[in-house]
>>> print(open('upload_3.cif').read())   # mmCIF, C-alpha atoms and all ligand atoms
data_target
#
loop_
_atom_site.label_atom_id
_atom_site.label_comp_id
_atom_site.auth_asym_id
_atom_site.auth_seq_id
_atom_site.Cartn_x
_atom_site.Cartn_y
_atom_site.Cartn_z
CA MET A 1 -73.19 48.90 108.62
CA ASP A 2 -73.41 48.94 112.41
CA LYS A 3 -72.55 51.54 115.01
CA ALA A 4 -68.96 50.27 115.37
CA SER A 5 -68.21 49.97 111.63
CA SER A 6 -65.30 52.04 110.39
CA ILE A 7 -66.62 54.72 108.08
CA PHE A 8 -64.51 57.10 105.98
CA VAL A 9 -66.24 60.38 105.15
CA ALA A 10 -64.20 61.75 102.25
CA GLY A 11 -64.62 65.52 102.04
CA HIS A 12 -65.76 66.04 105.63
CA ASN A 13 -64.92 69.77 105.59
CA GLY A 14 -67.28 70.49 102.72
CA LEU A 15 -71.01 71.27 102.74
CA VAL A 16 -72.03 67.66 102.08
CA GLY A 17 -69.31 65.81 103.98
CA SER A 18 -69.73 67.91 107.12
CA ALA A 19 -73.49 67.26 107.09
CA ILE A 20 -72.93 63.50 106.67
CA LEU A 21 -70.47 63.55 109.56
CA ARG A 22 -72.99 65.38 111.78
CA LYS A 23 -75.67 62.90 110.80
CA LEU A 24 -73.49 59.84 111.51
CA ARG A 25 -72.41 61.22 114.89
CA ALA A 26 -75.99 62.03 115.85
CA ALA A 27 -77.07 58.52 114.82
CA GLY A 28 -74.44 56.98 117.12
CA TYR A 29 -71.77 55.84 114.66
CA SER A 30 -68.55 56.03 116.62
CA ASN A 31 -65.76 54.82 114.34
CA LEU A 32 -65.58 57.71 111.90
CA ILE A 33 -62.46 58.40 109.87
CA THR A 34 -61.74 61.82 108.38
CA ARG A 35 -58.72 63.50 106.81
CA GLY A 36 -58.30 67.15 105.86
CA ARG A 37 -56.81 67.99 102.48
CA ALA A 38 -53.45 68.91 104.03
CA GLU A 39 -53.17 65.43 105.57
CA LEU A 40 -54.48 63.44 102.61
CA ASP A 41 -54.69 64.76 99.06
CA LEU A 42 -57.22 62.49 97.35
CA THR A 43 -56.10 63.71 93.92
CA ARG A 44 -52.90 61.69 94.59
CA GLN A 45 -53.27 58.04 93.82
CA VAL A 46 -50.33 56.75 95.86
CA ALA A 47 -51.33 58.70 98.98
CA THR A 48 -54.98 57.62 98.65
CA ASP A 49 -54.06 53.99 98.27
CA ALA A 50 -51.64 54.10 101.23
CA PHE A 51 -54.34 55.65 103.40
CA PHE A 52 -56.87 52.92 102.51
CA ALA A 53 -54.27 50.15 102.99
CA GLU A 54 -53.43 51.48 106.44
CA HIS A 55 -56.92 52.23 107.75
CA ARG A 56 -59.04 49.69 105.83
CA PRO A 57 -62.36 51.57 106.19
CA GLU A 58 -65.40 49.33 105.81
CA TYR A 59 -67.73 52.02 104.45
CA VAL A 60 -67.03 55.14 102.39
CA PHE A 61 -69.10 58.25 101.72
CA LEU A 62 -67.39 59.84 98.72
CA ALA A 63 -68.32 63.49 99.22
CA ALA A 64 -64.89 64.90 98.34
CA ALA A 65 -65.10 66.94 95.15
CA LYS A 66 -64.24 70.25 93.58
CA VAL A 67 -67.55 72.10 93.50
CA GLY A 68 -68.90 75.57 92.92
CA GLY A 69 -71.61 77.71 91.39
CA ILE A 70 -72.19 78.59 87.78
CA LEU A 71 -69.32 81.12 87.57
CA ALA A 72 -66.69 78.90 89.23
CA ASN A 73 -67.71 75.92 87.07
CA ASN A 74 -67.47 77.99 83.91
CA THR A 75 -64.17 79.67 84.86
CA TYR A 76 -62.09 76.84 86.37
CA ARG A 77 -63.12 74.27 83.79
CA ALA A 78 -59.85 72.36 83.72
CA ASP A 79 -59.63 72.19 87.53
CA PHE A 80 -63.22 70.92 87.80
CA ILE A 81 -62.76 68.02 85.40
CA ARG A 82 -59.23 67.13 86.54
CA ASP A 83 -59.70 67.19 90.32
CA ASN A 84 -63.01 65.34 90.23
CA LEU A 85 -61.73 62.62 87.90
CA TYR A 86 -58.65 62.11 90.06
CA ILE A 87 -60.47 62.06 93.38
CA GLN A 88 -63.25 59.67 92.43
CA THR A 89 -61.02 57.31 90.43
CA ASN A 90 -58.46 57.11 93.23
CA VAL A 91 -61.05 56.58 95.96
CA VAL A 92 -63.15 54.01 94.09
CA ASP A 93 -60.08 52.03 93.03
CA ALA A 94 -58.56 52.12 96.54
CA ALA A 95 -61.93 51.09 98.00
CA HIS A 96 -62.02 48.09 95.69
CA ARG A 97 -58.43 47.03 96.34
CA ASN A 98 -58.70 47.43 100.12
CA GLY A 99 -61.88 45.50 100.80
CA VAL A 100 -64.43 48.29 101.34
CA LYS A 101 -67.86 46.75 102.00
CA LYS A 102 -69.89 49.59 100.51
CA LEU A 103 -69.26 52.98 98.96
CA ALA A 104 -71.71 55.81 98.29
CA PHE A 105 -70.64 58.19 95.52
CA LEU A 106 -72.18 61.67 95.52
CA GLY A 107 -72.83 63.29 92.12
CA SER A 108 -75.07 66.13 91.00
CA SER A 109 -78.23 66.81 89.01
CA CYS A 110 -76.11 68.64 86.40
CA ILE A 111 -75.25 65.21 84.92
CA TYR A 112 -78.56 65.33 83.05
CA PRO A 113 -78.94 66.82 79.56
CA LYS A 114 -79.54 70.56 79.40
CA PHE A 115 -82.98 70.01 77.86
CA ALA A 116 -83.96 66.80 79.63
CA PRO A 117 -87.71 66.26 80.06
CA GLN A 118 -88.91 67.53 83.44
CA PRO A 119 -88.91 66.15 86.04
CA MET A 120 -85.65 64.39 85.21
CA HIS A 121 -85.78 60.64 85.66
CA GLU A 122 -82.70 58.48 86.21
CA ASP A 123 -83.21 57.00 82.72
CA HIS A 124 -82.53 60.43 81.13
CA LEU A 125 -78.80 60.12 81.84
CA LEU A 126 -76.74 60.28 78.62
CA THR A 127 -79.66 61.07 76.34
CA GLY A 128 -78.64 64.57 75.20
CA ILE A 129 -76.11 67.40 75.22
CA LEU A 130 -75.01 68.91 78.52
CA GLU A 131 -75.28 72.49 79.82
CA PRO A 132 -72.05 74.18 78.59
CA THR A 133 -71.33 76.18 81.80
CA ASN A 134 -70.80 73.00 83.81
CA GLU A 135 -69.91 70.44 81.16
CA PRO A 136 -66.44 69.60 82.61
CA TYR A 137 -67.90 68.98 86.08
CA ALA A 138 -70.84 67.01 84.67
CA VAL A 139 -68.61 64.84 82.48
CA ALA A 140 -66.42 64.06 85.51
CA LYS A 141 -69.47 63.11 87.60
CA ILE A 142 -70.87 60.97 84.76
CA ALA A 143 -67.47 59.24 84.59
CA GLY A 144 -67.77 58.65 88.35
CA ILE A 145 -71.14 56.95 87.91
CA ILE A 146 -69.76 54.71 85.15
CA THR A 147 -66.66 54.01 87.26
CA VAL A 148 -68.74 52.87 90.24
CA ASP A 149 -70.96 50.71 88.02
CA SER A 150 -67.98 49.23 86.19
CA TYR A 151 -66.27 48.25 89.45
CA ARG A 152 -69.55 46.73 90.58
CA ARG A 153 -69.91 44.70 87.36
CA GLN A 154 -66.27 43.60 86.96
CA TYR A 155 -65.10 43.34 90.58
CA GLY A 156 -68.28 43.14 92.63
CA LEU A 157 -67.65 46.45 94.46
CA ASN A 158 -70.79 47.37 96.36
CA GLY A 159 -71.06 50.96 95.16
CA ILE A 160 -74.12 53.20 94.85
CA SER A 161 -74.38 56.60 93.14
CA LEU A 162 -76.59 59.34 94.58
CA MET A 163 -77.48 62.40 92.50
CA PRO A 164 -78.53 65.28 94.74
CA THR A 165 -80.28 68.35 93.42
CA ASN A 166 -78.92 71.86 94.24
CA LEU A 167 -77.92 71.84 97.91
CA TYR A 168 -77.68 74.54 100.56
CA GLY A 169 -77.33 74.80 104.32
CA PRO A 170 -74.85 75.30 107.15
CA GLY A 171 -71.25 75.09 105.96
CA ASP A 172 -72.13 76.43 102.50
CA ASP A 173 -69.74 78.62 100.52
CA PHE A 174 -70.73 82.30 100.83
CA ASN A 175 -67.97 83.66 98.58
CA LEU A 176 -69.76 85.50 95.77
CA GLN A 177 -67.26 84.40 93.14
CA THR A 178 -67.52 80.68 93.83
CA SER A 179 -70.86 80.07 95.59
CA HIS A 180 -74.16 78.73 94.37
CA VAL A 181 -77.16 80.98 94.05
CA LEU A 182 -78.90 80.46 97.41
CA SER A 183 -75.93 81.29 99.63
CA ALA A 184 -74.92 84.13 97.28
CA LEU A 185 -78.34 85.74 97.54
CA LEU A 186 -78.48 85.35 101.32
CA ARG A 187 -75.22 87.22 101.54
CA LYS A 188 -76.15 89.87 98.98
CA PHE A 189 -79.50 90.68 100.65
CA HIS A 190 -77.92 90.65 104.10
CA GLU A 191 -75.16 93.06 103.08
CA ALA A 192 -77.58 95.31 101.18
CA LYS A 193 -79.80 95.52 104.25
CA ALA A 194 -76.83 96.30 106.51
CA SER A 195 -75.48 99.02 104.22
CA GLY A 196 -78.85 100.45 103.17
CA ALA A 197 -78.12 99.76 99.49
CA PRO A 198 -81.12 100.59 97.22
CA ASN A 199 -80.96 97.37 95.22
CA VAL A 200 -79.51 93.87 94.95
CA THR A 201 -78.20 92.42 91.72
CA VAL A 202 -79.32 88.91 90.78
CA TRP A 203 -77.48 87.22 87.91
CA GLY A 204 -79.25 86.21 84.70
CA THR A 205 -82.90 86.72 83.85
CA GLY A 206 -84.49 85.28 86.99
CA THR A 207 -86.43 82.75 84.87
CA PRO A 208 -84.35 79.56 85.35
CA ARG A 209 -85.99 77.14 87.73
CA ARG A 210 -84.09 75.25 90.43
CA GLU A 211 -84.89 72.71 93.13
CA PHE A 212 -83.22 73.11 96.54
CA LEU A 213 -82.52 70.43 99.13
CA HIS A 214 -81.26 71.24 102.62
CA VAL A 215 -77.96 69.48 103.17
CA ASP A 216 -79.20 67.93 106.45
CA ASP A 217 -81.94 66.21 104.43
CA LEU A 218 -79.31 65.06 101.94
CA ALA A 219 -77.19 63.61 104.76
CA ASP A 220 -80.23 61.81 106.15
CA ALA A 221 -80.95 60.38 102.68
CA ALA A 222 -77.31 59.35 102.19
CA LEU A 223 -77.36 57.35 105.43
CA HIS A 224 -80.74 55.83 104.57
CA LEU A 225 -79.51 54.75 101.13
CA MET A 226 -76.23 53.44 102.51
CA LEU A 227 -78.26 51.23 104.84
CA HIS A 228 -81.11 50.22 102.53
CA TYR A 229 -80.23 50.69 98.85
CA ASP A 230 -78.04 48.38 96.76
CA GLU A 231 -78.78 49.02 93.10
CA PRO A 232 -76.46 49.82 90.19
CA GLY A 233 -77.08 53.04 88.25
CA ILE A 234 -78.16 56.23 89.97
CA VAL A 235 -80.79 57.43 92.39
CA ASN A 236 -81.97 61.05 92.41
CA VAL A 237 -82.05 62.83 95.77
CA GLY A 238 -84.32 65.87 95.79
CA VAL A 239 -87.61 67.25 96.99
CA GLY A 240 -89.56 67.03 93.72
CA ASP A 241 -90.50 70.72 93.69
CA ASP A 242 -88.82 73.80 92.22
CA LEU A 243 -89.16 77.57 91.87
CA SER A 244 -87.76 80.30 89.63
CA ILE A 245 -84.64 82.26 90.61
CA ALA A 246 -86.88 85.35 90.78
CA GLU A 247 -89.17 83.56 93.27
CA LEU A 248 -86.14 82.40 95.25
CA ALA A 249 -84.80 85.97 95.36
CA ALA A 250 -88.16 87.25 96.66
CA LEU A 251 -88.24 84.56 99.34
CA ILE A 252 -84.69 85.29 100.50
CA ARG A 253 -85.38 89.05 100.51
CA ASP A 254 -88.32 88.35 102.78
CA VAL A 255 -86.38 86.06 105.14
CA VAL A 256 -83.57 88.62 105.44
CA GLY A 257 -86.02 91.52 105.80
CA TYR A 258 -84.59 93.66 102.99
CA GLU A 259 -86.88 96.27 101.48
CA GLY A 260 -84.96 97.49 98.42
CA GLU A 261 -85.29 96.51 94.77
CA ILE A 262 -84.07 93.49 92.84
CA VAL A 263 -82.28 94.13 89.55
CA TYR A 264 -81.18 91.51 87.03
CA ASP A 265 -77.74 91.39 85.39
CA THR A 266 -78.51 89.64 82.13
CA SER A 267 -74.85 89.68 81.08
CA LYS A 268 -74.44 86.75 83.51
CA PRO A 269 -75.41 83.24 82.34
CA ASP A 270 -78.71 81.56 83.23
CA GLY A 271 -77.35 78.05 82.86
CA THR A 272 -79.79 75.17 82.52
CA PRO A 273 -83.38 76.43 82.14
CA ARG A 274 -84.78 73.87 84.59
CA LYS A 275 -83.40 71.05 86.78
CA LEU A 276 -86.22 69.33 88.60
CA LEU A 277 -85.58 65.77 89.74
CA ASP A 278 -88.01 62.91 89.50
CA VAL A 279 -87.80 61.49 93.01
CA SER A 280 -90.10 58.49 92.60
CA ARG A 281 -87.21 56.01 92.87
CA LEU A 282 -86.07 57.68 96.11
CA HIS A 283 -89.58 57.77 97.54
CA ALA A 284 -89.98 54.07 96.73
CA THR A 285 -87.11 53.38 99.16
CA GLY A 286 -89.20 54.94 101.94
CA TRP A 287 -87.41 58.29 102.23
CA LYS A 288 -88.78 61.83 101.79
CA ALA A 289 -87.25 65.26 102.42
CA GLN A 290 -88.44 66.90 105.65
CA ILE A 291 -87.10 70.46 105.67
CA GLY A 292 -89.25 73.02 103.85
CA LEU A 293 -87.50 75.67 101.76
CA ARG A 294 -88.44 78.69 103.86
CA GLU A 295 -87.49 76.93 107.10
CA GLY A 296 -84.23 75.73 105.54
CA ILE A 297 -83.36 79.25 104.36
CA GLU A 298 -84.12 80.67 107.82
CA ARG A 299 -81.86 78.06 109.43
CA THR A 300 -79.09 78.75 106.93
CA TYR A 301 -79.39 82.50 107.46
CA ARG A 302 -79.02 82.01 111.22
CA TRP A 303 -75.91 79.87 110.60
CA PHE A 304 -74.49 82.56 108.30
CA LEU A 305 -75.01 85.23 110.96
CA GLU A 306 -73.32 83.10 113.60
CA ASN A 307 -70.40 82.08 111.35
CA PRO A 308 -69.11 85.15 109.53
CA SER A 309 -66.71 84.05 106.80
CA ASP A 310 -64.61 87.02 105.60
O1 LIG B 1 -76.54 77.95 91.85
P1 LIG B 1 -75.91 78.31 90.56
O2 LIG B 1 -74.60 78.99 90.62
O3 LIG B 1 -75.69 77.02 89.71
O4 LIG B 1 -76.90 79.25 89.73
P2 LIG B 1 -76.48 76.12 88.63
C1 LIG B 1 -78.26 78.96 89.60
C2 LIG B 1 -78.97 80.12 88.88
O5 LIG B 1 -78.98 81.25 89.75
C3 LIG B 1 -78.30 80.57 87.58
C4 LIG B 1 -78.56 82.39 89.05
O6 LIG B 1 -79.30 80.89 86.65
C5 LIG B 1 -77.57 81.84 88.03
O7 LIG B 1 -77.33 82.76 86.98
N1 LIG B 1 -78.01 83.40 89.98
C6 LIG B 1 -78.58 84.60 90.24
C7 LIG B 1 -76.87 83.32 90.69
N2 LIG B 1 -77.81 85.31 91.08
C8 LIG B 1 -76.74 84.54 91.38
C9 LIG B 1 -75.61 84.73 92.21
O8 LIG B 1 -75.41 85.78 92.84
N3 LIG B 1 -74.73 83.70 92.31
C10 LIG B 1 -74.92 82.52 91.63
N4 LIG B 1 -74.00 81.53 91.77
N5 LIG B 1 -75.97 82.33 90.79
C11 LIG B 1 -74.50 74.60 89.20
C12 LIG B 1 -73.47 73.88 88.40
O9 LIG B 1 -75.37 75.10 88.27
O10 LIG B 1 -75.25 73.78 90.05
C13 LIG B 1 -72.76 72.86 89.15
O11 LIG B 1 -72.61 74.83 87.82
C14 LIG B 1 -73.63 72.06 90.10
O12 LIG B 1 -72.16 72.00 88.23
C15 LIG B 1 -74.57 72.92 90.88
O13 LIG B 1 -74.36 71.08 89.41
C16 LIG B 1 -75.53 72.14 91.73
O14 LIG B 1 -77.67 75.46 89.25
O15 LIG B 1 -76.79 76.89 87.39
#
>>> encode(input="upload_3.cif", output="structure tokens")
Amino acid sequence: MDKASSIFVAGHNGLVGSAILRKLRAAGYSNLITRGRAELDLTRQVATDAFFAEHRPEYVFLAAAKVGGILANNTYRADFIRDNLYIQTNVVDAAHRNGVKKLAFLGSSCIYPKFAPQPMHEDHLLTGILEPTNEPYAVAKIAGIITVDSYRRQYGLNGISLMPTNLYGPGDDFNLQTSHVLSALLRKFHEAKASGAPNVTVWGTGTPRREFLHVDDLADAALHLMLHYDEPGIVNVGVGDDLSIAELAALIRDVVGYEGEIVYDTSKPDGTPRKLLDVSRLHATGWKAQIGLREGIERTYRWFLENPSD
């Protein structure tokens, strides 16, 4: 891939796609192709194929997906499996039939079994039952991995599959019904501070452990792997370190400067008890995350303050 290569960033309005676009621009790639959902609906096979036939991108970052936090995943189960299966199947097939040189598929650490040994190594894929709250999404992403590998084996498509841990950063979803935990808590603590509320409600027990990667680090890793990684199977993209939701809540409370209490709503699900990635395969490629969690949260909080959503 060189600076003049044509590169399609699928999903460029989302958290991941927008970060990849920023990264590519900053690195001097000038021939970037994007389409909003209103212009190109990637769940439609005919439209997707026509787009690829017309524009013939050389490289594809497949960051288009239906995503959300634990509640959205558990509520819109049919939408999560359907949209993700459609999007990834259409894009991978169109990439193959229209001569794409390399495609990077973005998945998620929720593809691993609910009780996978920690940290979770790439070899733990398909070794146990999945976490029920996100099973439809996880099954779709696992199908995406197998799709990419199958096109590689049968047709020689140069596709790689990256499995990021929980992501956060500028461009995140701050809607409390659909967001992931980090952006939700930033918003909750911010609003509680502004209104003088005596406490903030955190879902679940506070004991699940999660690993968080700033999306600018993920974008940096995605470019690095596009340039330097060519293996079948999957590669984890994380920091190799985690903390409990209670510890995360305390950290966000501190960053926001809120002085009230934290209460736990245990009627809400905890989800997977722990999701820590083994990042030895990633580190062996010569890449390591750079943005520390506190610094990343501070940067995200500043972005949230400058970009009020609703
Ligand atoms: O980030 P999150 O929604 O997704 O929740 P998962 C992580 C943990 O934070 C869960 C707790 O134990 C939640 O119960 N939590 C506490 C909260 N307060 C809140 C809150 O206000 N909002 C949210 N959203 N959570 C998702 C999967 O799982 O992770 C997806 O559903 C995807 O498939 C994504 O893989 C990365 O980490 O549990």
>>> residues_near_ligand(input="upload_3.cif", ligand="ligand LIG 1 (chain B)", cutoff="7 Å", atoms="all atoms listed in the file", output="ChimeraX atom specification")
/A:67-71,73,108-110,133-134,137-138,165-167,176,178-182,184-185,202-204,206,208,210,245,268-272
>>> residues_around(input="upload_3.cif", residues="stretch 222-227 of chain A", least_positions_apart="2", cutoff="12 Å", atoms="all atoms listed in the file", output="VMD selection string")
chain A and resid 1 to 3 7 9 16 to 17 19 to 27 29 59 to 63 101 to 107 158 to 164 215 to 220 229 to 231 234 to 238 281 to 289
>>> write_last_selection(input="upload_3.cif", atoms="C-alpha atoms", output="tab-separated table (two decimals), in the frame of the given file")
chain	number	residue	atom	x	y	z
A	1	MET	CA	-73.19	48.90	108.62
A	2	ASP	CA	-73.41	48.94	112.41
A	3	LYS	CA	-72.55	51.54	115.01
A	7	ILE	CA	-66.62	54.72	108.08
A	9	VAL	CA	-66.24	60.38	105.15
A	16	VAL	CA	-72.03	67.66	102.08
A	17	GLY	CA	-69.31	65.81	103.98
A	19	ALA	CA	-73.49	67.26	107.09
A	20	ILE	CA	-72.93	63.50	106.67
A	21	LEU	CA	-70.47	63.55	109.56
A	22	ARG	CA	-72.99	65.38	111.78
A	23	LYS	CA	-75.67	62.90	110.80
A	24	LEU	CA	-73.49	59.84	111.51
A	25	ARG	CA	-72.41	61.22	114.89
A	26	ALA	CA	-75.99	62.03	115.85
A	27	ALA	CA	-77.07	58.52	114.82
A	29	TYR	CA	-71.77	55.84	114.66
A	59	TYR	CA	-67.73	52.02	104.45
A	60	VAL	CA	-67.03	55.14	102.39
A	61	PHE	CA	-69.10	58.25	101.72
A	62	LEU	CA	-67.39	59.84	98.72
A	63	ALA	CA	-68.32	63.49	99.22
A	101	LYS	CA	-67.86	46.75	102.00
A	102	LYS	CA	-69.89	49.59	100.51
A	103	LEU	CA	-69.26	52.98	98.96
A	104	ALA	CA	-71.71	55.81	98.29
A	105	PHE	CA	-70.64	58.19	95.52
A	106	LEU	CA	-72.18	61.67	95.52
A	107	GLY	CA	-72.83	63.29	92.12
A	158	ASN	CA	-70.79	47.37	96.36
A	159	GLY	CA	-71.06	50.96	95.16
A	160	ILE	CA	-74.12	53.20	94.85
A	161	SER	CA	-74.38	56.60	93.14
A	162	LEU	CA	-76.59	59.34	94.58
A	163	MET	CA	-77.48	62.40	92.50
A	164	PRO	CA	-78.53	65.28	94.74
A	215	VAL	CA	-77.96	69.48	103.17
A	216	ASP	CA	-79.20	67.93	106.45
A	217	ASP	CA	-81.94	66.21	104.43
A	218	LEU	CA	-79.31	65.06	101.94
A	219	ALA	CA	-77.19	63.61	104.76
A	220	ASP	CA	-80.23	61.81	106.15
A	229	TYR	CA	-80.23	50.69	98.85
A	230	ASP	CA	-78.04	48.38	96.76
A	231	GLU	CA	-78.78	49.02	93.10
A	234	ILE	CA	-78.16	56.23	89.97
A	235	VAL	CA	-80.79	57.43	92.39
A	236	ASN	CA	-81.97	61.05	92.41
A	237	VAL	CA	-82.05	62.83	95.77
A	238	GLY	CA	-84.32	65.87	95.79
A	281	ARG	CA	-87.21	56.01	92.87
A	282	LEU	CA	-86.07	57.68	96.11
A	283	HIS	CA	-89.58	57.77	97.54
A	284	ALA	CA	-89.98	54.07	96.73
A	285	THR	CA	-87.11	53.38	99.16
A	286	GLY	CA	-89.20	54.94	101.94
A	287	TRP	CA	-87.41	58.29	102.23
A	288	LYS	CA	-88.78	61.83	101.79
A	289	ALA	CA	-87.25	65.26	102.42
>>> residues_around(input="upload_3.cif", residues="stretch 141-156 of chain A", least_positions_apart="5", cutoff="7 Å", atoms="all atoms listed in the file", output="mmCIF file with C-alpha atoms, in the coordinates of the input")
data_model
loop_
_atom_site.group_PDB
_atom_site.id
_atom_site.type_symbol
_atom_site.label_atom_id
_atom_site.label_comp_id
_atom_site.auth_asym_id
_atom_site.auth_seq_id
_atom_site.Cartn_x
_atom_site.Cartn_y
_atom_site.Cartn_z
ATOM 1 C CA GLN A 88 -63.250 59.670 92.430
ATOM 2 C CA VAL A 92 -63.150 54.010 94.090
ATOM 3 C CA GLY A 107 -72.830 63.290 92.120
ATOM 4 C CA ILE A 111 -75.250 65.210 84.920
ATOM 5 C CA SER A 161 -74.380 56.600 93.140
ATOM 6 C CA PRO A 232 -76.460 49.820 90.190
ATOM 7 C CA GLY A 233 -77.080 53.040 88.250
#
>>> residues_near_point(input="upload_3.cif", point="(-83.2, 90.0, 99.0)", cutoff="9 Å", atoms="only C-alpha atoms", output="ChimeraX atom specification")
/A:185-190,192-193,199-200,248-262
>>> closest_residue(input="upload_3.cif", among="A:Tyr112, A:Leu157, A:Pro198, A:Phe52", to="A:Val263", atoms="only C-alpha atoms")
A:Pro198
>>> residues_around(input="upload_3.cif", residues="A:Asp242", least_positions_apart="4", cutoff="8 Å", atoms="all atoms listed in the file", output="ChimeraX atom specification")
/A:209-212,276
>>> atom_distance(input="upload_3.cif", atom1="atom CA of A:Gly296", atom2="atom CA of A:Leu213")
8.5 Å
>>> atom_distance(input="upload_3.cif", atom1="atom CA of A:Gly171", atom2="atom CA of A:His121")
28.8 Å
>>> closest_residue(input="upload_3.cif", among="A:Lys114, A:Thr205, A:Gly11, A:Leu40", to="A:Asn84", atoms="only C-alpha atoms")
A:Gly11
>>> closest_residue(input="upload_3.cif", among="A:Glu122, A:Glu58, A:Asp265, A:Asp93", to="A:Val279", atoms="only C-alpha atoms")
A:Glu122
>>> axis_aligned_box(input="upload_3.cif", around="stretch 206-219 of chain A", padding_each_side="5 Å", output="JSON")
{"center_x": -81.8, "center_y": 74.4, "center_z": 95.7, "size_x": 19.2, "size_y": 31.7, "size_z": 31.6}
>>> closest_residue(input="upload_3.cif", among="A:His214, A:Leu130, A:Arg56, A:Asn175", to="A:Glu298", atoms="only C-alpha atoms")
A:His214
>>> build_atoms(input="upload_3.cif", residues="stretch 160-172 of chain A", atoms="N, CA, C and O atoms", output="JSON list (two decimals), in the frame of the given file")
[["chain", "number", "residue", "atom", "x", "y", "z"],
["A", 160, "ILE", "N", -72.88, 52.57, 95.30],
["A", 160, "ILE", "CA", -74.12, 53.20, 94.85],
["A", 160, "ILE", "C", -73.82, 54.66, 94.51],
["A", 160, "ILE", "O", -72.89, 55.26, 95.06],
["A", 161, "SER", "N", -74.60, 55.22, 93.60],
["A", 161, "SER", "CA", -74.38, 56.60, 93.14],
["A", 161, "SER", "C", -75.63, 57.44, 93.39],
["A", 161, "SER", "O", -76.70, 57.14, 92.84],
["A", 162, "LEU", "N", -75.47, 58.47, 94.21],
["A", 162, "LEU", "CA", -76.59, 59.34, 94.58],
["A", 162, "LEU", "C", -76.46, 60.67, 93.86],
["A", 162, "LEU", "O", -75.37, 61.26, 93.87],
["A", 163, "MET", "N", -77.53, 61.14, 93.24],
["A", 163, "MET", "CA", -77.48, 62.40, 92.50],
["A", 163, "MET", "C", -78.35, 63.45, 93.17],
["A", 163, "MET", "O", -79.57, 63.53, 92.94],
["A", 164, "PRO", "N", -77.74, 64.24, 94.06],
["A", 164, "PRO", "CA", -78.53, 65.28, 94.74],
["A", 164, "PRO", "C", -78.85, 66.44, 93.81],
["A", 164, "PRO", "O", -78.08, 66.75, 92.91],
["A", 165, "THR", "N", -79.94, 67.10, 94.08],
["A", 165, "THR", "CA", -80.28, 68.35, 93.42],
["A", 165, "THR", "C", -79.43, 69.47, 94.02],
["A", 165, "THR", "O", -78.52, 69.22, 94.81],
["A", 166, "ASN", "N", -79.70, 70.74, 93.67],
["A", 166, "ASN", "CA", -78.92, 71.86, 94.24],
["A", 166, "ASN", "C", -79.07, 71.87, 95.76],
["A", 166, "ASN", "O", -80.19, 71.84, 96.27],
["A", 167, "LEU", "N", -77.94, 71.95, 96.44],
["A", 167, "LEU", "CA", -77.92, 71.84, 97.91],
["A", 167, "LEU", "C", -77.62, 73.19, 98.54],
["A", 167, "LEU", "O", -77.02, 74.06, 97.91],
["A", 168, "TYR", "N", -78.00, 73.33, 99.81],
["A", 168, "TYR", "CA", -77.68, 74.54, 100.56],
["A", 168, "TYR", "C", -77.74, 74.16, 102.03],
["A", 168, "TYR", "O", -78.24, 73.10, 102.40],
["A", 169, "GLY", "N", -77.22, 75.05, 102.88],
["A", 169, "GLY", "CA", -77.33, 74.80, 104.32],
["A", 169, "GLY", "C", -76.09, 75.26, 105.06],
["A", 169, "GLY", "O", -75.20, 75.90, 104.48],
["A", 170, "PRO", "N", -76.01, 74.91, 106.35],
["A", 170, "PRO", "CA", -74.85, 75.30, 107.15],
["A", 170, "PRO", "C", -73.57, 74.73, 106.57],
["A", 170, "PRO", "O", -73.55, 73.59, 106.12],
["A", 171, "GLY", "N", -72.52, 75.55, 106.54],
["A", 171, "GLY", "CA", -71.25, 75.09, 105.96],
["A", 171, "GLY", "C", -71.15, 75.41, 104.48],
["A", 171, "GLY", "O", -70.15, 75.07, 103.83],
["A", 172, "ASP", "N", -72.16, 76.08, 103.92],
["A", 172, "ASP", "CA", -72.13, 76.43, 102.50],
["A", 172, "ASP", "C", -71.05, 77.48, 102.24],
["A", 172, "ASP", "O", -70.57, 78.15, 103.17]]
